[in-house]
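Student: Below is the structure I would like to discuss, written out as structure tokens.
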Amino acid sequence: MHFGVRTTLMSCCLAALLFGSPALAQDAAQEATPEMAPAPLAPVPEATPPAAASAPVVMTGPRITAMDVDWNAARAVLPPLELQPAGDEATDATPADALARLNGATAKIFPKVAASGVPVLLPFDTAAFLHDRAQGTAGDDSKYFSVFRAPTFFYPGPSGYDAAFLVQPEDHGDLNLTFVKRVNVQITASALIYELDGPAADQGFPVSELERDFRGIRRLIIESRLRYIFTRFGVPYFVSIGCLDGAGSTRRLSCRDADHVAVRFLKALNLVGGAPQNEPAKAVATIEQPEATSPDFTYYAPGDILPGTGMHGRGGQPDTTVYSKIRFPMAHAPAYTNSQSFMNWGNCDLTGRVSLGGRGREAAYRCRVNEVPLLHDETKNYTYPWRDNFCEHRYWHVTQCPAGLGHQGEDIRPSSCKLRNEGADRCEPYQDQVVAVRDGVAWRETSDEALYLTTDAPGEHIRFRYLHMNPHMLDFAGMVSGHEVAEGDVLGPVGDYGKREGGTTYHLHFDMQVPTRQGWVFVNPYMTLVAAYERLLGGRGQVVATPTISASNPPAADGMVQANVGAGRIEADAGKSEIARERQQSERRAIAAHCQTYLVKGHRRSICRPYVAQLHVAQVRSRGKFSHVVRPVDRRISHQSVGARYHTGNLHARHERRAARHGRA
């Protein structure tokens, strides 16, 4: 009897509590059945908490050291007799005339060589060429290049020069190279050196066998490139080759083989031209902010990456440097710089995902590295504020990141996301244009996905890289090595190309490199992009300190209508891929990845079993077996593991990548 009375009293109290607090009852029900309450498709703007304003970021300009070029030392290496011209030309040459005559003799082979503000060293038998030219017996120019052939890219300017050579393995039979593909060798000389504040880079080791010819030469490996660095005529020179030790196959050039090629390249270097410039190098002003404040544009401070998305538990690098006064790379605003791997529809860079329930576009999940809820809906990423992702989780070497590994650049989404239909969850590509950020020259081989833009101007030497544009469209537009562009010129449309169409989300990967005492080094373009975007908008951005939520996929502002420049070409190429995209629409879609962490020999490993909706036999043959995908999630895992040996390379070393997955940068 006492038991019954006590039960009745407890029931009454519970009922009163529940009816008296319906909100508490609803929360309790949601906690009891979390699978019934998936994350909402879109946040409600009225419920958006105001962003907490943070202290404004003070932009800083780059610190650049100008080299004092010793032109007398350059003239001293030229034998005057070998410069005697044939015929009735004048024969009395002063030392100053010697350089001018050299430039005139080699300009046919190296266009605009006299524009270089430093002496130009290239693998060219200058003495033999000048002798034959004086005798009138100079024939095929290729014979003076030995096994390196003519450069595929040569760009001289007032601040230095850049050149690239493709070396065919069959040309180096005596080196016994195991790499079966062509090798790209780069050489740069710069009268400007950018001084960086990031982590100190390796200074390299002396090379005794080359010390006699190259006093003070050093050998080092930075950002997956073997580099030889030496100073001559008061100017630093950098010879570099992309390589990867421990690859275990012929897919990547080993650093040992790269070393053999580099030594052969160095021993073939000779002076081919260059001339003192009329205007001395001056510091270029890179910061110009509008007076007004933008009512919409907000961004997180540089280095403030998404929680947990850095490598080995490290964060970003707070670099406030505006390295160049660029034009924003997207043709029109708005645009959104944010992560494409750790935001909606991203693959968390294969660090593991946790399913939160739901289906299709309402399928919710989170990356294991943080607690941010995400959806399989790419449209949710088109919102302010911006967020730095330069040091985000990637296995690419980046000396400027605290962990030494990172993303190398910034992912930028265009104005808006156009869906194929109401039920689609992916943005349609080729809706927005990409433009040149500075005057410069393109460096790109046919069919390459990566497009480099090199700028060499008084007081500035820098290069930019664009990724995930359609290489076939770039070929059609003539964006190959040597193509000159002006700031603001349309380069092509934004794509989702990662080895194939639809290989990543709809975005542009943009990065930049500057010449340092260790050669070309990736630097964070975040504040450079912020400054350029402010000029595009005509208003300053506001720094936020706490997460904010705003409506996704806003329409373009008045006056920001998409231009039709090059639209005919783009629509023609897009039409050719219509069938391919329709086929992809019905093919395999990765809806969610269910991962579980195991302890393997004292280390944590994440094993993911992807859910496959429709799998075609052709896909299995091209992509391999869809078995367990194992990725290291612990810093104790060696970087020389199977996956890491691939990832520790440059983002596009020789522009080669394995089959890309959805959402990968």
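Going by the structure tokens order, chains are called A, B, ..., each with residues numbered from 1, while ligands are numbered from 1 in the order shown.
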Among stretch 141-276 of chain A, which ones does DSSP place in alpha helix (DSSP H), written as a list in words?

Tutor: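 Listing alpha helix (DSSP H) positions across stretch 141-276 of chain A yields Cys255, Arg256, Asp257, Ala258, Asp259, His260, Val261, Ala262, Val263, Arg264, Phe265, Leu266 and Lys267 of chain A.
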
Student: If you run DSSP on the backbone, which residues of stretch 339-463 of chain A are strand (DSSP E or B), as a PyMOL selection string?

Tutor: chain A and resi 353-357+364-367+373-375+386+392+396-397+405-406+410-413+419+427+433-435+440-443+451-457+460-463

Student: Tell me, in Å to one decimal, how far atom CA of A:Ala134 is from atom CA of A:Ala115.

Tutor: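 Distance reported for this atom pair: 24.0 Å.
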
Student: I'd like the contact shell of A:Gln408 - 8 Å cut-off, only C-alpha atoms, skipping same-chain residues fewer than 3 positions apart - returned as a ChimeraX atom specification.

Tutor: /A:390-391,396-398,511,522-524,651

Student: Residues of the last selection are to be written out with N, CA and C atoms, as a compact mmCIF listing (two decimals), in the first residue's frame.

Tutor:
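So part.txt came out as:
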# COMPACT_ATOMS: atom_id res chain seq x y z
N PHE A 390 44.89 29.10 -44.08
CA PHE A 390 46.24 28.89 -44.62
C PHE A 390 46.96 27.73 -43.92
N CYS A 391 46.83 27.62 -42.60
CA CYS A 391 47.51 26.56 -41.84
C CYS A 391 46.55 25.44 -41.46
N TRP A 396 50.76 19.19 -46.60
CA TRP A 396 51.70 19.89 -47.47
C TRP A 396 52.66 20.69 -46.60
N HIS A 397 53.93 20.69 -46.98
CA HIS A 397 54.92 21.43 -46.21
C HIS A 397 54.72 22.93 -46.38
N VAL A 398 54.63 23.64 -45.26
CA VAL A 398 54.49 25.09 -45.23
C VAL A 398 55.36 25.61 -44.10
N ASP A 511 47.02 31.02 -53.68
CA ASP A 511 48.17 31.14 -52.79
C ASP A 511 49.23 32.03 -53.43
N PHE A 522 56.06 29.73 -49.47
CA PHE A 522 54.64 30.08 -49.35
C PHE A 522 54.43 31.03 -48.17
N VAL A 523 53.67 32.08 -48.40
CA VAL A 523 53.30 33.01 -47.34
C VAL A 523 51.78 33.12 -47.30
N ASN A 524 51.27 33.55 -46.16
CA ASN A 524 49.82 33.61 -45.97
C ASN A 524 49.23 34.79 -46.75
N LEU A 651 51.51 20.84 -52.91
CA LEU A 651 50.10 20.68 -53.27
C LEU A 651 49.93 20.27 -54.72

Student: Hey, could you make a per-residue contact list for stretch 380-412 of chain A against stretch 180-198 of chain A with 10 Å as the cut-off, showing the nearest pair of atoms and its distance in Å to one decimal, counting only C-alpha atoms, sorted by chain and number, as JSON lines?

Tutor:
{"residue": "A:Thr399", "atom": "CA", "partner": "A:Gly198", "partner_atom": "CA", "distance": 7.6}
{"residue": "A:Gln400", "atom": "CA", "partner": "A:Gly198", "partner_atom": "CA", "distance": 5.0}
{"residue": "A:Cys401", "atom": "CA", "partner": "A:Gly198", "partner_atom": "CA", "distance": 7.4}
{"residue": "A:Pro402", "atom": "CA", "partner": "A:Gly198", "partner_atom": "CA", "distance": 8.1}
